[in-house]
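Participant: Here it is, the structure in full.
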Amino acid sequence: MKRTVWLAIAFAIVVVAFVVVSTFQQDLVRCQVCITFNGRPDCRIASATSREGAVRAATTNACAQLASGVTETTQCEATRPDSVKWLR
């Protein structure tokens, strides 16, 4: 094979390795959010790179089970959680 083909293959391997390593090196924060909407409770666990992101993701996941439609989902996500428990 030509030298340029080998260089292109090596470059692609380096880029893929960088993406994989950088993805797994992030410190993730995990939390469990319990929320009650329309009289129905639900708890969900989520993780993110920040506390705010973890709470938002867990709230969104819980509201996906509790609400139907855009309006209810928006209202549910604006509801204050009953509890937020930080996990390792």
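Each chain in the structure tokens gets a letter, A, B and so on, in the order shown; residues start at 1 in every chain, and ligands are counted from 1 in the order they appear.
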Write down as a PyMOL selection string the residues belonging to chain A that are assigned strand (DSSP E or B) by DSSP computed on the backbone.

Facilitator: chain A and resi 29-37+40-48+83-87

Participant: Could you give me, as a VMD selection string, the residues within 6 Å of region 29-40 of chain A, counting only C-alpha atoms and dropping anything in the same chain fewer than 6 positions from it?

Facilitator: chain A and resid 46 to 49 58 81 to 87

Participant: Write out as a PDB file with C-alpha atoms, in the first residue's frame all residues of chain A that DSSP puts in alpha helix (DSSP H) for this structure's backbone.

Facilitator:
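Below is the file that was written, part_19.pdb:
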```
ATOM      1  CA  ARG A   3       2.420   5.599   2.337  1.00  0.00           C
ATOM      2  CA  THR A   4      -0.516   8.040   2.265  1.00  0.00           C
ATOM      3  CA  VAL A   5      -2.988   5.181   2.824  1.00  0.00           C
ATOM      4  CA  TRP A   6      -1.061   4.041   5.900  1.00  0.00           C
ATOM      5  CA  LEU A   7      -0.954   7.598   7.214  1.00  0.00           C
ATOM      6  CA  ALA A   8      -4.713   7.975   6.695  1.00  0.00           C
ATOM      7  CA  ILE A   9      -5.382   4.697   8.525  1.00  0.00           C
ATOM      8  CA  ALA A  10      -3.089   5.712  11.406  1.00  0.00           C
ATOM      9  CA  PHE A  11      -4.780   9.108  11.646  1.00  0.00           C
ATOM     10  CA  ALA A  12      -8.244   7.510  11.749  1.00  0.00           C
ATOM     11  CA  ILE A  13      -7.144   5.131  14.515  1.00  0.00           C
ATOM     12  CA  VAL A  14      -5.729   8.011  16.566  1.00  0.00           C
ATOM     13  CA  VAL A  15      -8.956  10.036  16.190  1.00  0.00           C
ATOM     14  CA  VAL A  16     -11.180   7.086  17.158  1.00  0.00           C
ATOM     15  CA  ALA A  17      -8.957   6.263  20.151  1.00  0.00           C
ATOM     16  CA  PHE A  18      -9.092   9.894  21.319  1.00  0.00           C
ATOM     17  CA  VAL A  19     -12.894   9.975  21.116  1.00  0.00           C
ATOM     18  CA  VAL A  20     -13.245   6.704  23.036  1.00  0.00           C
ATOM     19  CA  VAL A  21     -10.774   7.669  25.768  1.00  0.00           C
ATOM     20  CA  SER A  22     -12.194  11.174  26.250  1.00  0.00           C
ATOM     21  CA  THR A  23     -15.731   9.783  26.484  1.00  0.00           C
ATOM     22  CA  PHE A  24     -14.886   7.377  29.293  1.00  0.00           C
ATOM     23  CA  ARG A  51     -25.273  18.170  39.224  1.00  0.00           C
ATOM     24  CA  GLU A  52     -27.735  20.330  37.300  1.00  0.00           C
ATOM     25  CA  GLY A  53     -27.543  18.058  34.282  1.00  0.00           C
ATOM     26  CA  ALA A  54     -28.099  14.938  36.383  1.00  0.00           C
ATOM     27  CA  VAL A  55     -31.165  16.421  38.108  1.00  0.00           C
ATOM     28  CA  ARG A  56     -32.545  17.617  34.780  1.00  0.00           C
ATOM     29  CA  ALA A  57     -32.047  14.217  33.141  1.00  0.00           C
ATOM     30  CA  ALA A  58     -33.602  12.301  36.033  1.00  0.00           C
ATOM     31  CA  THR A  59     -36.553  14.715  36.136  1.00  0.00           C
ATOM     32  CA  THR A  60     -37.073  14.365  32.391  1.00  0.00           C
ATOM     33  CA  ASN A  61     -36.996  10.572  32.693  1.00  0.00           C
ATOM     34  CA  ALA A  62     -39.516  10.581  35.543  1.00  0.00           C
ATOM     35  CA  CYS A  63     -41.814  12.990  33.715  1.00  0.00           C
ATOM     36  CA  ALA A  64     -41.708  10.778  30.633  1.00  0.00           C
ATOM     37  CA  GLN A  65     -43.521   8.159  32.731  1.00  0.00           C
ATOM     38  CA  LEU A  66     -45.906  10.568  34.458  1.00  0.00           C
ATOM     39  CA  GLY A  69     -48.247  15.510  25.743  1.00  0.00           C
ATOM     40  CA  VAL A  70     -46.109  18.598  25.505  1.00  0.00           C
ATOM     41  CA  THR A  71     -48.113  20.704  27.963  1.00  0.00           C
ATOM     42  CA  GLU A  72     -48.144  18.091  30.737  1.00  0.00           C
ATOM     43  CA  THR A  73     -44.484  17.284  30.189  1.00  0.00           C
ATOM     44  CA  THR A  74     -43.553  20.957  30.514  1.00  0.00           C
ATOM     45  CA  GLN A  75     -45.644  21.293  33.671  1.00  0.00           C
ATOM     46  CA  CYS A  76     -44.150  18.116  35.157  1.00  0.00           C
ATOM     47  CA  GLU A  77     -40.577  19.193  34.451  1.00  0.00           C
TER      48      GLU A  77
END
```

Participant: Which of these, A:Ser50, A:Ile45, A:Thr79, A:Ala67, has the shortest distance to Leu28 (chain A) once you count only C-alpha atoms?

Facilitator: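 Closest residue, counting only C-alpha atoms: A:Ser50.
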